[in-house]
>>> print(open('data.cif').read())   # mmCIF, C-alpha atoms
data_run
#
loop_
_atom_site.label_atom_id
_atom_site.label_comp_id
_atom_site.auth_asym_id
_atom_site.auth_seq_id
_atom_site.Cartn_x
_atom_site.Cartn_y
_atom_site.Cartn_z
CA MET A 1 20.52 6.63 48.46
CA ARG A 2 21.85 5.92 51.92
CA ASN A 3 24.94 7.70 53.18
CA ASP A 4 27.79 5.36 54.08
CA ILE A 5 28.32 4.78 57.81
CA SER A 6 31.22 2.33 57.64
CA THR A 7 33.84 4.82 58.86
CA PRO A 8 32.46 6.43 62.03
CA ASN A 9 35.10 9.16 62.30
CA THR A 10 34.38 10.47 58.80
CA SER A 11 30.89 9.07 58.30
CA PRO A 12 28.85 10.98 55.68
CA PHE A 13 25.70 10.10 57.61
CA LEU A 14 27.02 11.48 60.91
CA GLU A 15 28.18 14.56 59.03
CA GLN A 16 24.62 14.93 57.74
CA VAL A 17 23.36 14.75 61.32
CA ARG A 18 25.95 17.31 62.38
CA GLN A 19 24.83 19.74 59.66
CA VAL A 20 21.21 19.51 60.82
CA ILE A 21 22.33 20.17 64.41
CA LEU A 22 24.21 23.24 63.21
CA CYS A 23 21.13 24.50 61.39
CA LYS A 24 19.16 24.13 64.62
CA HIS A 25 21.79 26.25 66.44
CA TYR A 26 22.39 23.62 69.11
CA SER A 27 25.47 24.01 71.28
CA ILE A 28 28.70 22.21 70.45
CA LYS A 29 28.28 20.09 73.60
CA THR A 30 24.86 18.93 72.39
CA GLU A 31 26.36 18.23 68.99
CA HIS A 32 29.06 16.00 70.45
CA THR A 33 26.60 14.26 72.78
CA TYR A 34 24.02 13.51 70.09
CA LEU A 35 26.63 12.28 67.63
CA ARG A 36 28.13 9.98 70.27
CA TRP A 37 24.78 8.39 71.14
CA ILE A 38 23.78 8.00 67.49
CA LYS A 39 27.11 6.36 66.69
CA ASN A 40 26.74 4.02 69.68
CA PHE A 41 23.23 3.11 68.54
CA ILE A 42 24.50 2.25 65.06
CA HIS A 43 27.36 0.15 66.45
CA PHE A 44 25.03 -1.65 68.87
CA HIS A 45 23.05 -2.86 65.85
CA ASN A 46 26.18 -3.98 63.96
CA LYS A 47 26.47 -0.81 61.88
CA ARG A 48 23.07 -1.12 60.26
CA HIS A 49 21.87 2.11 58.71
CA PRO A 50 19.16 3.88 60.75
CA LEU A 51 16.92 3.87 57.68
CA ASP A 52 16.85 0.07 57.97
CA MET A 53 15.82 0.32 61.60
CA GLY A 54 13.05 1.94 63.55
CA ALA A 55 11.16 2.02 66.85
CA ASP A 56 11.89 -1.63 67.69
CA GLU A 57 15.65 -1.16 67.37
CA VAL A 58 15.55 2.09 69.33
CA GLY A 59 13.58 0.34 72.08
CA ALA A 60 16.07 -2.54 72.16
CA TYR A 61 18.96 -0.13 72.52
CA LEU A 62 17.27 1.84 75.31
CA ASN A 63 16.50 -1.46 77.10
CA HIS A 64 20.18 -2.37 76.80
CA LEU A 65 21.15 0.92 78.43
CA ALA A 66 18.71 0.43 81.31
CA ILE A 67 19.03 -3.32 81.93
CA ASP A 68 22.58 -4.20 80.89
CA ARG A 69 24.46 -0.97 81.48
CA HIS A 70 22.37 0.30 84.42
CA VAL A 71 22.59 3.91 83.25
CA ALA A 72 20.94 6.75 85.13
CA PRO A 73 17.48 7.88 83.95
CA ALA A 74 18.93 11.19 82.71
CA THR A 75 21.50 9.31 80.61
CA GLN A 76 18.82 7.15 79.02
CA ARG A 77 16.71 10.25 78.30
CA THR A 78 19.65 11.92 76.58
CA ALA A 79 20.16 8.87 74.37
CA LEU A 80 16.43 8.84 73.57
CA ASN A 81 16.48 12.55 72.70
CA ALA A 82 19.41 12.02 70.34
CA LEU A 83 17.70 9.16 68.50
CA VAL A 84 14.32 10.92 68.33
CA PHE A 85 16.12 13.96 66.90
CA MET A 86 17.85 11.80 64.29
CA TYR A 87 14.63 10.18 63.07
CA ARG A 88 12.49 13.32 63.23
CA GLU A 89 14.88 16.01 61.99
CA VAL A 90 17.41 14.14 59.84
CA LEU A 91 15.57 11.13 58.43
CA LYS A 92 12.11 12.78 58.54
CA ARG A 93 10.61 9.60 60.01
CA PRO A 94 9.27 10.49 63.49
CA ILE A 95 9.08 7.42 65.73
CA GLU A 96 8.83 8.68 69.33
CA GLU A 97 5.20 7.62 69.84
CA ALA A 98 5.92 4.05 68.72
CA ILE A 99 8.92 3.33 70.95
CA SER A 100 8.40 0.76 73.69
CA PHE A 101 11.17 0.29 76.27
CA THR A 102 11.98 -0.12 79.92
CA TYR A 103 12.72 3.15 81.65
CA ALA A 104 15.90 3.35 83.68
CA ASN A 105 14.81 3.62 87.27
CA LYS A 106 17.12 4.71 90.04
CA PRO A 107 15.78 6.08 93.32
CA PRO A 108 16.38 9.81 93.73
CA ARG A 109 19.38 10.57 95.91
CA ILE A 110 19.42 13.27 98.55
CA PRO A 111 21.89 15.88 97.25
CA THR A 112 25.14 16.56 99.07
CA VAL A 113 25.22 20.12 100.40
CA PHE A 114 27.72 22.32 102.19
CA SER A 115 26.87 24.06 105.43
CA HIS A 116 27.49 27.79 105.19
CA GLN A 117 30.71 27.31 107.15
CA GLU A 118 31.88 24.57 104.77
CA ALA A 119 31.03 26.63 101.69
CA SER A 120 32.98 29.57 103.14
CA ALA A 121 35.93 27.28 103.92
CA VAL A 122 36.05 26.04 100.32
CA LEU A 123 35.79 29.57 98.93
CA ALA A 124 38.66 30.64 101.20
CA GLN A 125 40.93 28.17 99.38
CA LEU A 126 40.23 29.74 95.97
CA GLU A 127 41.88 32.76 94.43
CA ASP A 128 41.27 35.30 91.68
CA HIS A 129 38.62 34.41 89.11
CA TYR A 130 38.10 30.93 90.57
CA TYR A 131 36.94 32.50 93.82
CA VAL A 132 34.53 34.81 91.98
CA MET A 133 33.12 31.99 89.88
CA ALA A 134 32.64 29.62 92.81
CA ALA A 135 31.04 32.45 94.80
CA LEU A 136 28.50 32.87 91.99
CA LEU A 137 27.75 29.14 92.04
CA TYR A 138 26.96 29.40 95.75
CA GLY A 139 25.56 32.93 95.93
CA ALA A 140 23.47 32.89 92.74
CA GLY A 141 22.81 29.19 92.19
CA LEU A 142 24.46 29.07 88.78
CA ARG A 143 25.35 25.87 87.00
CA VAL A 144 29.00 25.57 85.92
CA MET A 145 28.32 26.24 82.24
CA GLU A 146 26.00 29.14 83.08
CA CYS A 147 28.84 30.68 85.06
CA VAL A 148 31.63 30.29 82.51
CA ARG A 149 29.34 31.54 79.71
CA LEU A 150 28.28 34.67 81.62
CA ARG A 151 28.61 37.81 79.48
CA ILE A 152 29.23 41.33 80.71
CA LYS A 153 25.88 42.61 79.41
CA ASP A 154 24.04 40.13 81.66
CA VAL A 155 25.51 41.50 84.90
CA ASP A 156 23.32 44.26 86.33
CA PHE A 157 25.06 45.98 89.24
CA ASN A 158 22.25 48.50 89.72
CA LEU A 159 19.50 45.91 90.14
CA LYS A 160 21.95 43.45 91.72
CA GLN A 161 20.93 40.63 89.47
CA LEU A 162 22.30 38.28 86.83
CA VAL A 163 20.46 37.27 83.67
CA VAL A 164 21.15 33.64 82.83
CA ARG A 165 20.81 33.14 79.08
CA ASN A 166 20.02 29.82 77.43
CA GLY A 167 20.13 27.80 80.62
CA LYS A 168 19.07 24.18 80.82
CA GLY A 169 16.11 23.69 78.51
CA ASN A 170 17.24 26.75 76.53
CA LYS A 171 15.47 29.04 79.01
CA ASP A 172 16.44 32.47 80.38
CA ARG A 173 16.03 33.42 84.02
CA VAL A 174 17.06 36.06 86.55
CA THR A 175 18.91 35.33 89.78
CA PRO A 176 20.29 37.59 92.54
CA LEU A 177 23.80 39.02 92.40
CA PRO A 178 25.42 38.76 95.87
CA GLU A 179 26.52 42.18 97.10
CA LYS A 180 29.64 40.75 98.74
CA ILE A 181 31.02 39.64 95.40
CA ILE A 182 30.37 42.89 93.49
CA PRO A 183 33.85 44.44 93.97
CA ARG A 184 35.60 41.23 92.91
CA LEU A 185 33.22 40.82 89.96
CA GLN A 186 33.92 44.39 88.84
CA GLN A 187 37.64 43.59 88.93
CA ALA A 188 37.02 40.49 86.78
CA ILE A 189 35.14 42.59 84.22
CA ALA A 190 37.95 45.16 84.22
CA HIS A 191 40.39 42.33 83.48
CA ALA A 192 38.18 41.08 80.64
CA LYS A 193 38.12 44.62 79.23
CA LYS A 194 41.93 44.79 79.25
CA LEU A 195 42.20 41.44 77.51
CA GLN A 196 39.81 42.52 74.80
CA ALA A 197 41.73 45.75 74.25
CA TYR A 198 44.89 43.68 73.87
CA ASP A 199 43.16 41.32 71.42
CA LEU A 200 41.82 44.23 69.37
CA ALA A 201 45.31 45.69 69.14
CA GLU A 202 46.51 42.30 67.87
CA GLY A 203 43.81 42.18 65.18
CA TYR A 204 41.38 39.95 67.08
CA GLY A 205 38.87 40.80 69.82
CA ALA A 206 35.66 39.45 68.25
CA VAL A 207 33.81 37.06 70.57
CA TYR A 208 31.56 34.15 69.58
CA LEU A 209 27.92 35.21 69.15
CA PRO A 210 25.01 32.78 69.42
CA TYR A 211 22.76 31.92 66.48
CA ALA A 212 22.80 34.42 63.60
CA LEU A 213 23.53 37.52 65.71
CA SER A 214 26.90 37.98 64.04
CA ARG A 215 25.08 38.64 60.75
CA LYS A 216 22.26 40.65 62.27
CA TYR A 217 24.59 42.81 64.39
CA PRO A 218 27.98 42.74 62.62
CA ASN A 219 29.66 45.01 65.18
CA ALA A 220 28.34 43.30 68.30
CA ALA A 221 31.15 40.73 68.43
CA THR A 222 33.70 43.40 69.29
CA GLU A 223 31.50 45.29 71.76
CA LEU A 224 32.46 45.02 75.41
CA ALA A 225 28.91 44.09 76.43
CA TRP A 226 29.13 40.76 74.58
CA GLN A 227 32.51 39.72 75.99
CA TYR A 228 32.71 36.91 78.51
CA VAL A 229 33.13 37.91 82.15
CA PHE A 230 35.62 35.06 82.55
CA PRO A 231 37.68 34.88 79.33
CA ALA A 232 40.20 32.14 78.62
CA ARG A 233 43.89 32.83 79.18
CA GLN A 234 44.73 32.29 75.52
CA ARG A 235 43.07 32.66 72.15
CA ALA A 236 42.10 29.45 70.35
CA VAL A 237 40.67 28.22 67.06
CA ASP A 238 36.87 27.87 67.09
CA PRO A 239 36.23 24.19 66.19
CA ARG A 240 33.21 25.09 64.06
CA SER A 241 34.18 28.28 62.24
CA GLU A 242 37.98 27.86 62.52
CA ILE A 243 38.17 31.54 63.52
CA VAL A 244 40.84 32.43 66.07
CA ARG A 245 39.33 34.21 69.06
CA ARG A 246 39.21 34.22 72.86
CA HIS A 247 36.51 32.00 74.29
CA HIS A 248 35.35 31.72 77.89
CA ILE A 249 37.39 29.86 80.49
CA GLY A 250 36.95 26.09 80.31
CA GLU A 251 34.54 24.55 82.79
CA GLN A 252 37.01 21.80 83.62
CA SER A 253 39.55 24.25 85.01
CA LEU A 254 36.95 25.56 87.48
CA GLN A 255 35.93 22.03 88.39
CA ARG A 256 39.54 21.06 89.10
CA ALA A 257 40.12 24.19 91.18
CA VAL A 258 37.03 23.52 93.30
CA LYS A 259 38.02 19.88 93.81
CA ARG A 260 41.42 21.00 95.10
CA ALA A 261 39.80 23.61 97.35
CA ILE A 262 37.44 21.02 98.86
CA LYS A 263 40.42 18.81 99.69
CA LEU A 264 42.42 21.71 101.15
CA ALA A 265 39.44 22.74 103.27
CA GLY A 266 39.43 19.26 104.81
CA ILE A 267 35.84 18.52 103.83
CA ASP A 268 35.24 14.79 103.53
CA LYS A 269 32.18 14.82 101.31
CA GLN A 270 31.61 13.66 97.75
CA ALA A 271 31.29 17.25 96.63
CA SER A 272 31.88 19.21 93.44
CA CYS A 273 31.00 22.53 91.82
CA HIS A 274 27.35 21.47 91.69
CA THR A 275 27.32 21.12 95.48
CA PHE A 276 27.41 24.92 95.65
CA ARG A 277 24.16 25.08 93.64
CA HIS A 278 22.57 22.47 95.92
CA SER A 279 23.69 24.54 98.90
CA PHE A 280 22.21 27.72 97.40
CA ALA A 281 18.80 26.05 97.15
CA THR A 282 19.00 24.60 100.64
CA ARG A 283 20.01 27.91 102.23
CA LEU A 284 17.06 29.68 100.58
CA LEU A 285 14.62 27.12 101.96
CA GLU A 286 16.19 27.47 105.40
CA MET A 287 15.65 31.23 105.08
CA ASN A 288 11.93 30.43 104.57
CA TYR A 289 11.72 31.42 100.91
CA ASP A 290 8.77 29.84 99.12
CA ILE A 291 9.64 26.69 97.19
CA ARG A 292 8.15 28.19 94.01
CA THR A 293 10.55 31.12 94.31
CA VAL A 294 13.45 28.71 94.69
CA GLN A 295 12.18 26.76 91.68
CA THR A 296 12.17 29.94 89.58
CA LEU A 297 15.66 30.98 90.67
CA LEU A 298 17.07 27.53 89.89
CA GLY A 299 15.29 27.33 86.54
CA HIS A 300 13.58 24.01 87.29
CA ALA A 301 10.75 23.11 84.93
CA ASP A 302 9.01 20.97 87.58
CA VAL A 303 8.69 21.86 91.26
CA LYS A 304 9.24 18.17 92.07
CA THR A 305 12.87 18.66 91.11
CA THR A 306 13.13 21.46 93.66
CA GLU A 307 11.34 19.47 96.36
CA ILE A 308 14.35 17.18 96.77
CA TYR A 309 16.00 19.97 98.76
CA THR A 310 13.29 19.87 101.40
CA HIS A 311 14.81 16.57 102.54
CA VAL A 312 18.10 18.31 103.30
CA VAL A 313 16.83 21.37 105.16
CA GLY A 314 17.56 21.19 108.86
CA ARG A 315 19.44 17.92 108.42
CA GLY A 316 18.40 14.90 110.47
CA ALA A 317 14.87 13.96 109.41
CA LEU A 318 13.54 17.38 108.48
CA ALA A 319 14.84 19.22 111.55
CA VAL A 320 13.35 16.76 114.06
CA THR A 321 15.36 16.87 117.29
CA SER A 322 16.90 13.55 118.28
CA PRO A 323 15.77 12.21 121.67
CA LEU A 324 19.43 11.96 122.63
CA ASP A 325 19.73 15.74 122.36
CA ILE A 326 16.79 16.54 124.64
#
>>> encode(input="data.cif", output="structure tokens")
Amino acid sequence: MRNDISTPNTSPFLEQVRQVILCKHYSIKTEHTYLRWIKNFIHFHNKRHPLDMGADEVGAYLNHLAIDRHVAPATQRTALNALVFMYREVLKRPIEEAISFTYANKPPRIPTVFSHQEASAVLAQLEDHYYVMAALLYGAGLRVMECVRLRIKDVDFNLKQLVVRNGKGNKDRVTPLPEKIIPRLQQAIAHAKKLQAYDLAEGYGAVYLPYALSRKYPNAATELAWQYVFPARQRAVDPRSEIVRRHHIGEQSLQRAVKRAIKLAGIDKQASCHTFRHSFATRLLEMNYDIRTVQTLLGHADVKTTEIYTHVVGRGALAVTSPLDI
């Protein structure tokens, strides 16, 4: 019997999808993203149940995204992943090999990067934990979510490295810890320690643990090693477990702070937090590090993704000197 999908906010079918996502231990962001694309797919086909549809309807929807909505290739791939997941894991009717559609095709754009002087100017406009976080984006090449999710146990001051857990593609990697930021990072960890001591005194202090670690290691949630380096200002209710605890700082607060800092620094570029990561990669290539090393530090699955930065190194046409400057 098909689950009703007539009320999207309380749909039994979408709840079934959500439960499968939970069993797979996907992040809450992936949960929200997949549910949104699946709901959009159902609405695009006039609320028909997915069991009454298949590869042809999925292909039609993906064509709509590429041709009518002009979405980016990555957006279309995310929608495809959500629908493939639904048919394979929820409905047990794999269809990925039978889907025919037009791929979204937008030419790759050369990334916006900061010069070292510009990056330093932006950092100079930031204070406290925002400065430390932005410095890690630039000095260690972290993504925003990798930075806000950083746990104390993954900071190694002796080896001067950070361990990035469950990065894009659910992969771990190691990246350098800038020496210049060590004192400020130690202060941030000391602050996190004080907050946890306060929470423990209030009857809280247990942090969210990934997967089933909370059952495997029942005391780990209150250990300092598992606490976030950048905890939120206030405790909040976990939307999944409804447990009150202190989560990490929200990524949007860092993004807003960096946007303000870029404006205050007087930099007229379409830049964001991710520009620091682009700048990290570009600086390494300018320092003559091998592109495979840069690929590893960034966590790219394909070196072609890393190669885009070779078009930025040296500026003007790969460091060619303009005749006007001779």
>>> resolve_selection(input="data.cif", expression="the PyMOL selection byres ((chain A and resi 123) around 10)", output="mmCIF file with C-alpha atoms, keeping the file's coordinate frame")
data_model
loop_
_atom_site.group_PDB
_atom_site.id
_atom_site.type_symbol
_atom_site.label_atom_id
_atom_site.label_comp_id
_atom_site.auth_asym_id
_atom_site.auth_seq_id
_atom_site.Cartn_x
_atom_site.Cartn_y
_atom_site.Cartn_z
ATOM 1 C CA GLN A 117 30.710 27.310 107.150
ATOM 2 C CA GLU A 118 31.880 24.570 104.770
ATOM 3 C CA ALA A 119 31.030 26.630 101.690
ATOM 4 C CA SER A 120 32.980 29.570 103.140
ATOM 5 C CA ALA A 121 35.930 27.280 103.920
ATOM 6 C CA VAL A 122 36.050 26.040 100.320
ATOM 7 C CA ALA A 124 38.660 30.640 101.200
ATOM 8 C CA GLN A 125 40.930 28.170 99.380
ATOM 9 C CA LEU A 126 40.230 29.740 95.970
ATOM 10 C CA GLU A 127 41.880 32.760 94.430
ATOM 11 C CA TYR A 130 38.100 30.930 90.570
ATOM 12 C CA TYR A 131 36.940 32.500 93.820
ATOM 13 C CA VAL A 132 34.530 34.810 91.980
ATOM 14 C CA MET A 133 33.120 31.990 89.880
ATOM 15 C CA ALA A 134 32.640 29.620 92.810
ATOM 16 C CA ALA A 135 31.040 32.450 94.800
ATOM 17 C CA TYR A 138 26.960 29.400 95.750
ATOM 18 C CA VAL A 258 37.030 23.520 93.300
ATOM 19 C CA ALA A 261 39.800 23.610 97.350
ATOM 20 C CA ILE A 262 37.440 21.020 98.860
ATOM 21 C CA ALA A 265 39.440 22.740 103.270
#
>>> residues_around(input="data.cif", residues="Asp156 of chain A", least_positions_apart="4", cutoff="12 Å", atoms="all atoms listed in the file", output="list in words")
Leu150, Arg151, Ile152, Lys160, Gln161, Leu162, Val163, Val164, Val174, Thr175, Pro176, Leu177, Pro178, Glu179, Ile182, Leu185, Gln186 and Ala225 of chain A
>>> resolve_selection(input="data.cif", expression="the PyMOL selection byres ((chain A and resi 76) around 8)", output="PyMOL selection string")
chain A and resi 62+65-66+71-75+77-80+103-104
>>> atom_distance(input="data.cif", atom1="atom CA of Leu195 of chain A", atom2="atom CA of Leu224 of chain A")
10.6 Å
>>> resolve_selection(input="data.cif", expression="the PyMOL selection byres ((chain A and resi 226-242) around 7)", output="JSON, numbers by chain")
{"A": [148, 149, 150, 151, 152, 153, 188, 189, 192, 207, 220, 221, 223, 224, 225, 243, 244, 245, 246, 247, 248, 249]}
>>> atom_distance(input="data.cif", atom1="atom CA of Val155 of chain A", atom2="atom CA of Glu251 of chain A")
19.3 Å
>>> atom_distance(input="data.cif", atom1="atom CA of Ile99 of chain A", atom2="atom CA of Tyr61 of chain A")
10.7 Å
>>> axis_aligned_box(input="data.cif", around="segment 50-61 of chain A", padding_each_side="8 Å", output="AutoDock Vina command-line options")
--center_x 15.2 --center_y 0.7 --center_z 65.1 --size_x 24.0 --size_y 22.4 --size_z 30.8
>>> closest_residue(input="data.cif", among="A:Lys106, A:Asn219, A:Leu285, A:Leu83", to="Pro50 of chain A", atoms="all atoms listed in the file")
A:Leu83
>>> residues_around(input="data.cif", residues="Lys269 of chain A", least_positions_apart="4", cutoff="10 Å", atoms="only C-alpha atoms", output="PDB file with C-alpha atoms, in the frame of the given file")
ATOM      1  CA  THR A 112      25.140  16.560  99.070  1.00  0.00           C
ATOM      2  CA  VAL A 113      25.220  20.120 100.400  1.00  0.00           C
ATOM      3  CA  PHE A 114      27.720  22.320 102.190  1.00  0.00           C
ATOM      4  CA  ILE A 262      37.440  21.020  98.860  1.00  0.00           C
ATOM      5  CA  LYS A 263      40.420  18.810  99.690  1.00  0.00           C
ATOM      6  CA  THR A 275      27.320  21.120  95.480  1.00  0.00           C
TER       7      THR A 275
END
>>> closest_residue(input="data.cif", among="A:Cys273, A:Val84, A:Ile95, A:Val90", to="Cys23 of chain A", atoms="all atoms listed in the file")
A:Val90
